[in-house]
file target03.cif (mmCIF, C-alpha atoms)
data_model
loop_
_atom_site.group_PDB
_atom_site.id
_atom_site.type_symbol
_atom_site.label_atom_id
_atom_site.label_comp_id
_atom_site.auth_asym_id
_atom_site.auth_seq_id
_atom_site.Cartn_x
_atom_site.Cartn_y
_atom_site.Cartn_z
ATOM 1 C CA MET A 36 34.869 49.912 -125.923
ATOM 2 C CA ASN A 37 36.831 50.476 -122.749
ATOM 3 C CA LYS A 38 39.668 47.965 -122.801
ATOM 4 C CA ASN A 39 40.810 48.781 -119.266
ATOM 5 C CA PRO A 40 38.313 47.558 -116.631
ATOM 6 C CA LEU A 41 40.382 49.057 -113.825
ATOM 7 C CA GLU A 42 39.711 52.523 -115.195
ATOM 8 C CA GLU A 43 35.981 51.795 -115.059
ATOM 9 C CA MET A 44 36.270 50.706 -111.431
ATOM 10 C CA LYS A 45 38.422 53.685 -110.564
ATOM 11 C CA LYS A 46 36.001 56.235 -112.011
ATOM 12 C CA GLU A 47 33.071 54.723 -110.181
ATOM 13 C CA TYR A 48 34.685 54.410 -106.741
ATOM 14 C CA GLU A 49 37.481 56.924 -106.342
ATOM 15 C CA SER A 50 35.119 59.375 -104.585
ATOM 16 C CA ILE A 51 33.932 56.912 -101.926
ATOM 17 C CA GLU A 52 35.075 57.674 -98.387
ATOM 18 C CA ILE A 53 35.010 55.018 -95.688
ATOM 19 C CA PRO A 54 35.545 55.726 -91.967
ATOM 20 C CA THR A 55 39.004 54.969 -90.608
ATOM 21 C CA GLU A 56 37.891 52.185 -88.278
ATOM 22 C CA MET A 57 35.904 50.587 -91.079
ATOM 23 C CA LYS A 58 39.043 50.630 -93.221
ATOM 24 C CA SER A 59 40.800 48.631 -90.536
ATOM 25 C CA ARG A 60 37.879 46.190 -90.449
ATOM 26 C CA LEU A 61 38.075 45.780 -94.211
ATOM 27 C CA GLU A 62 41.814 45.169 -94.062
ATOM 28 C CA ASN A 63 41.272 42.416 -91.503
ATOM 29 C CA THR A 64 38.531 40.935 -93.640
ATOM 30 C CA ILE A 65 40.820 40.951 -96.656
ATOM 31 C CA ARG A 66 43.549 39.136 -94.765
ATOM 32 C CA GLN A 67 41.093 36.530 -93.540
ATOM 33 C CA ALA A 68 39.612 36.127 -96.997
ATOM 34 C CA LYS A 69 43.046 35.553 -98.480
ATOM 35 C CA GLU A 70 43.726 32.864 -95.918
ATOM 36 C CA GLU A 71 40.430 31.181 -96.708
ATOM 37 C CA ASN A 72 40.887 31.713 -100.452
ATOM 38 C CA LYS A 73 37.492 33.393 -100.730
ATOM 39 C CA ARG A 74 36.742 36.300 -103.059
ATOM 40 C CA VAL A 75 40.366 37.408 -103.458
ATOM 41 C CA ARG A 76 40.782 37.415 -107.246
ATOM 42 C CA PHE A 77 40.173 41.129 -107.738
ATOM 43 C CA PHE A 78 41.506 43.048 -104.796
ATOM 44 C CA LYS A 79 44.888 41.338 -104.742
ATOM 45 C CA LYS A 80 45.465 42.784 -108.217
ATOM 46 C CA ILE A 81 43.985 46.263 -107.645
ATOM 47 C CA PRO A 82 46.562 49.073 -107.252
ATOM 48 C CA LYS A 83 46.517 50.773 -103.864
ATOM 49 C CA LYS A 84 45.740 54.151 -105.404
ATOM 50 C CA ILE A 85 42.233 52.958 -106.295
ATOM 51 C CA GLY A 86 41.523 52.929 -102.576
ATOM 52 C CA TYR A 87 39.128 51.099 -100.334
ATOM 53 C CA GLY A 88 36.100 51.750 -102.502
ATOM 54 C CA ALA A 89 36.959 48.972 -104.928
ATOM 55 C CA VAL A 90 37.713 46.634 -102.051
ATOM 56 C CA ALA A 91 34.421 47.562 -100.442
ATOM 57 C CA ALA A 92 32.644 46.679 -103.673
ATOM 58 C CA VAL A 93 34.181 43.227 -103.703
ATOM 59 C CA LEU A 94 33.517 42.623 -100.016
ATOM 60 C CA ALA A 95 30.117 44.284 -99.981
ATOM 61 C CA ILE A 96 28.650 42.051 -97.324
ATOM 62 C CA THR A 97 31.087 43.554 -94.780
ATOM 63 C CA ILE A 98 30.375 47.247 -95.440
ATOM 64 C CA LEU A 99 26.699 47.434 -94.489
ATOM 65 C CA THR A 100 25.569 50.136 -92.021
ATOM 66 C CA ASN A 101 22.392 50.419 -89.962
ATOM 67 C CA TYR A 102 20.672 51.863 -86.853
ATOM 68 C CA ASN A 103 17.382 52.254 -84.891
ATOM 69 C CA GLU A 104 16.283 48.641 -85.221
ATOM 70 C CA GLN A 105 12.747 47.730 -86.154
ATOM 71 C CA MET A 106 11.655 44.157 -86.780
ATOM 72 C CA ALA A 107 8.665 43.417 -88.998
ATOM 73 C CA TYR A 108 7.350 39.930 -89.542
ATOM 74 C CA ALA A 109 5.227 39.048 -92.550
ATOM 75 C CA MET A 110 3.836 35.949 -94.168
ATOM 76 C CA ALA A 111 3.449 36.797 -97.868
ATOM 77 C CA GLU A 112 2.125 33.861 -99.849
ATOM 78 C CA VAL A 113 3.334 32.980 -103.345
ATOM 79 C CA PRO A 114 2.188 30.150 -105.625
ATOM 80 C CA VAL A 115 2.049 26.568 -104.347
ATOM 81 C CA LEU A 116 5.307 24.637 -104.824
ATOM 82 C CA GLY A 117 4.173 21.258 -106.038
ATOM 83 C CA ALA A 118 4.629 18.622 -103.357
ATOM 84 C CA ILE A 119 6.633 20.915 -101.064
ATOM 85 C CA SER A 120 3.892 23.431 -100.126
ATOM 86 C CA LYS A 121 4.740 27.112 -100.611
ATOM 87 C CA VAL A 122 7.336 29.830 -100.063
ATOM 88 C CA VAL A 123 6.589 32.674 -97.674
ATOM 89 C CA THR A 124 8.401 35.706 -96.331
ATOM 90 C CA PHE A 125 9.312 34.400 -92.888
ATOM 91 C CA ARG A 126 10.938 37.585 -91.595
ATOM 92 C CA GLU A 127 11.334 41.116 -92.897
ATOM 93 C CA TYR A 128 13.961 43.249 -91.171
ATOM 94 C CA VAL A 129 13.108 46.907 -91.799
ATOM 95 C CA LYS A 130 14.948 50.081 -90.830
ATOM 96 C CA ASN A 131 14.422 53.606 -92.073
ATOM 97 C CA ASP A 132 16.235 56.320 -90.161
ATOM 98 C CA GLY A 133 17.255 59.400 -92.057
ATOM 99 C CA ASN A 134 20.051 58.602 -94.487
ATOM 100 C CA MET A 135 20.249 54.951 -93.468
ATOM 101 C CA GLU A 136 17.756 52.292 -94.449
ATOM 102 C CA ALA A 137 17.516 48.532 -94.750
ATOM 103 C CA ASN A 138 14.987 46.001 -95.939
ATOM 104 C CA ILE A 139 16.141 42.396 -95.603
ATOM 105 C CA LYS A 140 13.653 39.645 -96.401
ATOM 106 C CA THR A 141 14.166 36.049 -95.300
ATOM 107 C CA PRO A 142 12.219 33.416 -97.262
ATOM 108 C CA LYS A 143 10.920 30.173 -95.845
ATOM 109 C CA VAL A 144 9.778 27.036 -97.645
ATOM 110 C CA GLU A 145 6.845 25.458 -95.853
ATOM 111 C CA GLY A 146 7.243 21.752 -95.274
ATOM 112 C CA GLU A 147 8.310 19.229 -92.641
ATOM 113 C CA SER A 148 11.070 17.286 -94.426
ATOM 114 C CA GLU A 149 14.645 17.509 -93.157
ATOM 115 C CA SER A 150 15.832 18.893 -96.509
ATOM 116 C CA VAL A 151 13.317 21.735 -96.347
ATOM 117 C CA LYS A 152 14.329 22.512 -92.758
ATOM 118 C CA ASP A 153 17.986 22.545 -93.817
ATOM 119 C CA LEU A 154 17.245 24.892 -96.720
ATOM 120 C CA ASN A 155 15.356 27.261 -94.438
ATOM 121 C CA GLU A 156 18.202 27.259 -91.912
ATOM 122 C CA GLN A 157 20.740 28.085 -94.617
ATOM 123 C CA MET A 158 18.678 30.976 -95.987
ATOM 124 C CA GLU A 159 18.039 32.386 -92.519
ATOM 125 C CA ALA A 160 21.726 32.140 -91.618
ATOM 126 C CA TYR A 161 22.586 34.015 -94.806
ATOM 127 C CA THR A 162 20.290 36.966 -94.087
ATOM 128 C CA ASN A 163 21.367 36.966 -90.434
ATOM 129 C CA THR A 164 24.955 37.452 -91.580
ATOM 130 C CA ILE A 165 23.969 40.480 -93.651
ATOM 131 C CA LYS A 166 22.009 41.908 -90.730
ATOM 132 C CA LYS A 167 24.811 41.385 -88.190
ATOM 133 C CA ASN A 168 27.446 42.991 -90.410
ATOM 134 C CA TYR A 169 25.075 45.839 -91.122
ATOM 135 C CA GLU A 170 24.641 46.520 -87.417
ATOM 136 C CA ALA A 171 28.334 46.090 -86.597
ATOM 137 C CA ASP A 172 29.298 48.665 -89.194
ATOM 138 C CA LEU A 173 26.679 51.107 -87.904
ATOM 139 C CA GLU A 174 28.521 51.075 -84.592
ATOM 140 C CA ILE A 175 31.705 52.013 -86.417
ATOM 141 C CA MET A 176 29.936 54.837 -88.214
ATOM 142 C CA MET A 177 28.517 56.155 -84.939
ATOM 143 C CA LYS A 178 31.965 56.181 -83.360
ATOM 144 C CA GLU A 179 33.381 58.001 -86.358
ATOM 145 C CA GLU A 180 30.720 60.717 -86.638
ATOM 146 C CA GLY A 181 29.204 60.834 -83.158
ATOM 147 C CA ALA A 182 26.257 59.323 -81.362
ATOM 148 C CA ASP A 183 23.633 61.681 -82.820
ATOM 149 C CA ILE A 184 21.824 59.669 -85.500
ATOM 150 C CA ASP A 185 20.294 62.776 -87.045
ATOM 151 C CA ALA A 186 23.757 64.262 -87.519
ATOM 152 C CA LEU A 187 25.157 61.365 -89.522
ATOM 153 C CA THR A 188 26.088 62.432 -93.039
ATOM 154 C CA ASN A 189 26.737 59.005 -94.546
ATOM 155 C CA LYS A 190 24.044 57.644 -96.854
ATOM 156 C CA GLU A 191 23.552 53.953 -97.325
ATOM 157 C CA SER A 192 20.814 51.464 -97.999
ATOM 158 C CA VAL A 193 20.752 47.698 -98.238
ATOM 159 C CA THR A 194 18.019 45.612 -99.799
ATOM 160 C CA THR A 195 17.817 41.823 -99.781
ATOM 161 C CA ASP A 196 14.916 40.177 -101.554
ATOM 162 C CA TYR A 197 14.262 36.806 -103.154
ATOM 163 C CA GLU A 198 12.582 35.240 -106.146
ATOM 164 C CA VAL A 199 11.430 31.729 -106.935
ATOM 165 C CA VAL A 200 13.357 31.153 -110.171
ATOM 166 C CA THR A 201 12.144 27.610 -110.818
ATOM 167 C CA ASP A 202 9.285 25.618 -109.402
ATOM 168 C CA ASN A 203 8.410 22.408 -111.209
ATOM 169 C CA GLU A 204 8.044 18.738 -110.373
ATOM 170 C CA ALA A 205 11.814 18.230 -110.175
ATOM 171 C CA ILE A 206 13.383 21.448 -108.917
ATOM 172 C CA LEU A 207 12.925 24.368 -106.571
ATOM 173 C CA SER A 208 15.417 27.185 -107.224
ATOM 174 C CA ILE A 209 15.407 30.278 -105.036
ATOM 175 C CA ARG A 210 17.616 33.259 -105.808
ATOM 176 C CA MET A 211 18.346 35.843 -103.114
ATOM 177 C CA ASN A 212 19.434 39.248 -104.413
ATOM 178 C CA THR A 213 21.180 41.967 -102.411
ATOM 179 C CA THR A 214 21.912 45.547 -103.438
ATOM 180 C CA ILE A 215 23.960 47.981 -101.384
ATOM 181 C CA ALA A 216 23.944 51.662 -102.295
ATOM 182 C CA MET A 217 26.515 54.027 -100.846
ATOM 183 C CA ALA A 218 28.495 56.511 -102.959
ATOM 184 C CA GLY A 219 28.354 53.765 -105.553
ATOM 185 C CA SER A 220 26.505 50.476 -105.482
ATOM 186 C CA ASN A 221 27.141 46.772 -105.394
ATOM 187 C CA SER A 222 24.929 43.789 -106.128
ATOM 188 C CA PHE A 223 25.324 40.099 -105.407
ATOM 189 C CA SER A 224 23.194 36.944 -105.316
ATOM 190 C CA LYS A 225 22.955 33.693 -103.424
ATOM 191 C CA CYS A 226 21.184 30.796 -105.128
ATOM 192 C CA TYR A 227 19.729 27.624 -103.626
ATOM 193 C CA THR A 228 18.534 24.679 -105.727
ATOM 194 C CA LEU A 229 16.606 21.830 -104.116
ATOM 195 C CA ASP A 230 16.204 18.495 -105.926
ATOM 196 C CA LYS A 231 12.603 17.631 -105.029
ATOM 197 C CA LYS A 232 13.037 13.933 -105.804
ATOM 198 C CA THR A 233 16.080 13.333 -103.611
ATOM 199 C CA GLY A 234 15.599 16.177 -101.147
ATOM 200 C CA LYS A 235 19.204 17.292 -101.660
ATOM 201 C CA ILE A 236 20.309 20.914 -101.779
ATOM 202 C CA LEU A 237 22.471 20.760 -104.867
ATOM 203 C CA GLN A 238 26.017 21.930 -105.264
ATOM 204 C CA LEU A 239 27.371 22.551 -108.734
ATOM 205 C CA LYS A 240 29.514 19.422 -108.619
ATOM 206 C CA ASP A 241 26.415 17.264 -108.043
ATOM 207 C CA LEU A 242 25.302 17.876 -111.632
ATOM 208 C CA PHE A 243 28.441 16.335 -113.132
ATOM 209 C CA GLN A 244 30.213 13.018 -113.252
ATOM 210 C CA GLU A 245 32.725 12.406 -110.506
ATOM 211 C CA GLY A 246 36.209 13.299 -111.657
ATOM 212 C CA SER A 247 35.011 15.401 -114.589
ATOM 213 C CA ASN A 248 36.698 18.743 -115.050
ATOM 214 C CA TYR A 249 33.421 20.637 -115.036
ATOM 215 C CA GLN A 250 35.059 23.885 -113.889
ATOM 216 C CA LYS A 251 37.308 23.998 -116.931
ATOM 217 C CA VAL A 252 34.570 23.003 -119.383
ATOM 218 C CA ILE A 253 32.064 25.550 -118.088
ATOM 219 C CA SER A 254 34.713 28.262 -117.843
ATOM 220 C CA GLN A 255 35.736 27.805 -121.479
ATOM 221 C CA GLU A 256 32.097 28.115 -122.567
ATOM 222 C CA ILE A 257 31.739 31.320 -120.549
ATOM 223 C CA LYS A 258 34.925 32.784 -122.045
ATOM 224 C CA ASP A 259 33.631 32.026 -125.537
ATOM 225 C CA GLN A 260 30.362 33.786 -124.709
ATOM 226 C CA MET A 261 32.212 36.786 -123.257
ATOM 227 C CA ARG A 262 34.311 37.217 -126.403
ATOM 228 C CA THR A 263 31.280 36.864 -128.656
ATOM 229 C CA GLN A 264 29.271 39.409 -126.676
ATOM 230 C CA MET A 265 32.103 41.960 -126.702
ATOM 231 C CA LYS A 266 32.592 41.483 -130.441
ATOM 232 C CA GLU A 267 28.909 42.022 -131.156
ATOM 233 C CA ASP A 268 28.322 44.850 -128.655
ATOM 234 C CA GLU A 269 30.979 47.469 -127.961
ATOM 235 C CA ASP A 270 29.215 48.491 -124.754
ATOM 236 C CA LYS A 271 29.926 45.116 -123.170
ATOM 237 C CA SER A 272 33.183 44.468 -121.361
ATOM 238 C CA TYR A 273 34.512 41.562 -119.322
ATOM 239 C CA PHE A 274 37.731 40.888 -117.463
ATOM 240 C CA ILE A 275 39.201 38.794 -120.253
ATOM 241 C CA ASP A 276 42.049 39.338 -122.732
ATOM 242 C CA THR A 277 43.095 42.448 -120.768
ATOM 243 C CA LYS A 278 46.794 42.373 -121.607
ATOM 244 C CA ASP A 279 47.135 46.076 -120.806
ATOM 245 C CA VAL A 280 46.028 45.481 -117.208
ATOM 246 C CA GLY A 281 48.574 42.877 -116.249
ATOM 247 C CA GLU A 282 48.952 39.151 -115.829
ATOM 248 C CA GLY A 283 46.560 37.435 -113.470
ATOM 249 C CA PHE A 284 43.667 39.890 -113.656
ATOM 250 C CA ASP A 285 41.609 38.058 -116.280
ATOM 251 C CA PHE A 286 38.765 35.716 -115.418
ATOM 252 C CA GLU A 287 40.272 32.239 -115.498
ATOM 253 C CA GLN A 288 37.920 29.698 -113.988
ATOM 254 C CA ILE A 289 34.699 29.406 -112.016
ATOM 255 C CA LYS A 290 34.886 28.337 -108.396
ATOM 256 C CA ALA A 291 34.075 24.748 -107.500
ATOM 257 C CA ASP A 292 31.017 26.041 -105.636
ATOM 258 C CA GLN A 293 30.130 28.784 -108.108
ATOM 259 C CA ASN A 294 26.708 30.345 -107.724
ATOM 260 C CA PHE A 295 24.152 28.823 -110.111
ATOM 261 C CA PHE A 296 20.516 28.014 -110.705
ATOM 262 C CA ILE A 297 18.576 25.753 -113.048
ATOM 263 C CA ASP A 298 15.802 27.492 -114.968
ATOM 264 C CA ASN A 299 12.355 26.076 -115.628
ATOM 265 C CA ASP A 300 13.545 24.620 -118.943
ATOM 266 C CA GLY A 301 16.359 22.698 -117.253
ATOM 267 C CA HIS A 302 19.159 25.016 -118.379
ATOM 268 C CA LEU A 303 22.158 25.622 -116.128
ATOM 269 C CA THR A 304 22.814 29.304 -115.461
ATOM 270 C CA ILE A 305 26.050 30.484 -113.827
ATOM 271 C CA VAL A 306 25.787 33.650 -111.719
ATOM 272 C CA PHE A 307 28.608 36.126 -111.025
ATOM 273 C CA ASP A 308 28.379 38.974 -108.529
ATOM 274 C CA LYS A 309 28.880 42.531 -109.682
ATOM 275 C CA TYR A 310 32.631 43.169 -110.241
ATOM 276 C CA GLU A 311 33.418 39.452 -110.189
ATOM 277 C CA VAL A 312 34.042 39.105 -113.931
ATOM 278 C CA ALA A 313 33.241 42.554 -115.329
ATOM 279 C CA PRO A 314 33.333 46.294 -114.563
ATOM 280 C CA GLY A 315 30.636 47.634 -112.278
ATOM 281 C CA TYR A 316 28.383 49.016 -114.997
ATOM 282 C CA MET A 317 27.792 45.443 -116.234
ATOM 283 C CA GLY A 318 26.053 44.574 -112.955
ATOM 284 C CA VAL A 319 25.413 40.966 -111.911
ATOM 285 C CA CYS A 320 26.419 38.744 -114.850
ATOM 286 C CA THR A 321 24.723 35.473 -115.790
ATOM 287 C CA PHE A 322 25.619 32.906 -118.436
ATOM 288 C CA MET A 323 23.296 30.155 -119.608
ATOM 289 C CA ILE A 324 25.316 27.030 -120.389
ATOM 290 C CA PRO A 325 23.877 25.050 -123.340
ATOM 291 C CA LYS A 326 23.606 21.318 -122.788
ATOM 292 C CA LYS A 327 25.729 20.603 -125.871
ATOM 293 C CA ALA A 328 28.688 22.218 -124.105
ATOM 294 C CA ILE A 329 28.460 19.898 -121.085
ATOM 295 C CA GLU A 330 26.543 16.814 -122.257
ATOM 296 C CA GLY A 331 29.654 14.651 -122.103
ATOM 297 C CA ILE A 332 30.227 15.234 -118.384
ATOM 298 C CA ILE A 333 26.754 15.529 -116.807
ATOM 299 C CA THR A 334 25.401 12.671 -114.684
ATOM 300 C CA THR A 335 23.124 10.079 -116.288
ATOM 301 C CA ASP A 336 20.194 11.188 -114.112
ATOM 302 C CA SER A 337 20.991 14.857 -114.590
ATOM 303 C CA LEU A 338 18.317 17.502 -114.056
ATOM 304 C CA LEU A 339 19.866 19.511 -116.898
ATOM 305 C CA LYS A 340 18.179 19.546 -120.315
#

call {"tool": "encode", "arguments": {"input": "target03.cif", "output": "structure tokens"}}
result
Amino acid sequence: MNKNPLEEMKKEYESIEIPTEMKSRLENTIRQAKEENKRVRFFKKIPKKIGYGAVAAVLAITILTNYNEQMAYAMAEVPVLGAISKVVTFREYVKNDGNMEANIKTPKVEGESESVKDLNEQMEAYTNTIKKNYEADLEIMMKEEGADIDALTNKESVTTDYEVVTDNEAILSIRMNTTIAMAGSNSFSKCYTLDKKTGKILQLKDLFQEGSNYQKVISQEIKDQMRTQMKEDEDKSYFIDTKDVGEGFDFEQIKADQNFFIDNDGHLTIVFDKYEVAPGYMGVCTFMIPKKAIEGIITTDSLLK
């Protein structure tokens, strides 16, 4: 088993080249992210010699490229969602020009309640952000290589799709998945969970008693699962117990607003983006948290089972 996750990242990304102006954009994004304390755990510990590829993997949403816009609108029905109505594909943003392509789907929950409208606005804003960054970076690529689209040598594709993870009488969970392929690839998710009874779009903290240290409790359970998995399968590797890498690189604790969903059986599942807690070959990592690990801190009316 590879005990040095940095080596894994280095092998996968050392060949990636990013245009000079895009490098500057990434540096600015990094500085802003540090100020906002968002997604900085990895790149502040990565040696400079690894280059911008590893940074690009962590900040994947800022390295999208695109051109020759086409807009396709579709209404693709999926099963009825209890009292809410149904989920449809509200907008599909499609581009396919030579080496560059994009397919970004925006879901919409049909319904007239304020909570449903809020959920739809959040999901649309999310895909709009991906689209805008994609187009902004295309402009950088065009400046770097010239205005002739057919002459561009860079290859990149971005795909954003969604799935209805849970649809029962209590919960609607929608998971949006994005994959970016360049010289390497990156994957990340955004999850939304709607409490059908209250109409609230849940945050992780809403599932636990006020003042409970849910981050620490969940994090310890995840660390235990990581160690068990690595012990039982030598092909699995996580950023934990990596003394040879250096202090501060290990996964320590989930974020207060960590990505999550609740499955149809009422189990809490924590979602980590690719590279967030493991080398790239591990992909997007998920951990189901058993109720016995958190039963002492969940709310009395908890949706968790």

call {"tool": "resolve_selection", "arguments": {"input": "target03.cif", "expression": "the PyMOL selection byres ((chain A and resi 202) around 9)", "output": "number ranges by chain"}}
result
A: 115-117, 199-201, 203-209, 298-299

call {"tool": "residues_near_point", "arguments": {"input": "target03.cif", "point": "(19.2, 33.2, -107.9)", "cutoff": "9 Å", "atoms": "all atoms listed in the file", "output": "JSON list (two decimals) with C-alpha atoms, in the frame of the given file"}}
result
[["chain", "number", "residue", "atom", "x", "y", "z"],
["A", 197, "TYR", "CA", 14.26, 36.81, -103.15],
["A", 198, "GLU", "CA", 12.58, 35.24, -106.15],
["A", 199, "VAL", "CA", 11.43, 31.73, -106.94],
["A", 200, "VAL", "CA", 13.36, 31.15, -110.17],
["A", 208, "SER", "CA", 15.42, 27.18, -107.22],
["A", 209, "ILE", "CA", 15.41, 30.28, -105.04],
["A", 210, "ARG", "CA", 17.62, 33.26, -105.81],
["A", 211, "MET", "CA", 18.35, 35.84, -103.11],
["A", 212, "ASN", "CA", 19.43, 39.25, -104.41],
["A", 224, "SER", "CA", 23.19, 36.94, -105.32],
["A", 225, "LYS", "CA", 22.96, 33.69, -103.42],
["A", 226, "CYS", "CA", 21.18, 30.80, -105.13],
["A", 227, "TYR", "CA", 19.73, 27.62, -103.63],
["A", 228, "THR", "CA", 18.53, 24.68, -105.73],
["A", 294, "ASN", "CA", 26.71, 30.34, -107.72],
["A", 295, "PHE", "CA", 24.15, 28.82, -110.11],
["A", 296, "PHE", "CA", 20.52, 28.01, -110.70],
["A", 306, "VAL", "CA", 25.79, 33.65, -111.72]]

call {"tool": "resolve_selection", "arguments": {"input": "target03.cif", "expression": "the PyMOL selection byres ((chain A and resi 324) around 9)", "output": "number ranges by chain"}}
result
A: 253, 256-257, 302-305, 322-323, 325-329

call {"tool": "resolve_selection", "arguments": {"input": "target03.cif", "expression": "the PyMOL selection byres ((chain A and resi 337) around 12)", "output": "list in words"}}
result
Ala205, Ile206, Asp230, Lys232, Leu237, Leu239, Lys240, Asp241, Leu242, Phe243, Gln244, Ile297, Gly301, His302, Leu303, Lys326, Ile329, Glu330, Gly331, Ile332, Ile333, Thr334, Thr335, Asp336, Leu338, Leu339 and Lys340 of chain A

call {"tool": "atom_distance", "arguments": {"input": "target03.cif", "atom1": "atom CA of Glu136 of chain A", "atom2": "atom CA of Thr194 of chain A"}}
result
8.6 Å

call {"tool": "atom_distance", "arguments": {"input": "target03.cif", "atom1": "atom CA of Glu127 of chain A", "atom2": "atom CA of Lys309 of chain A"}}
result
24.3 Å
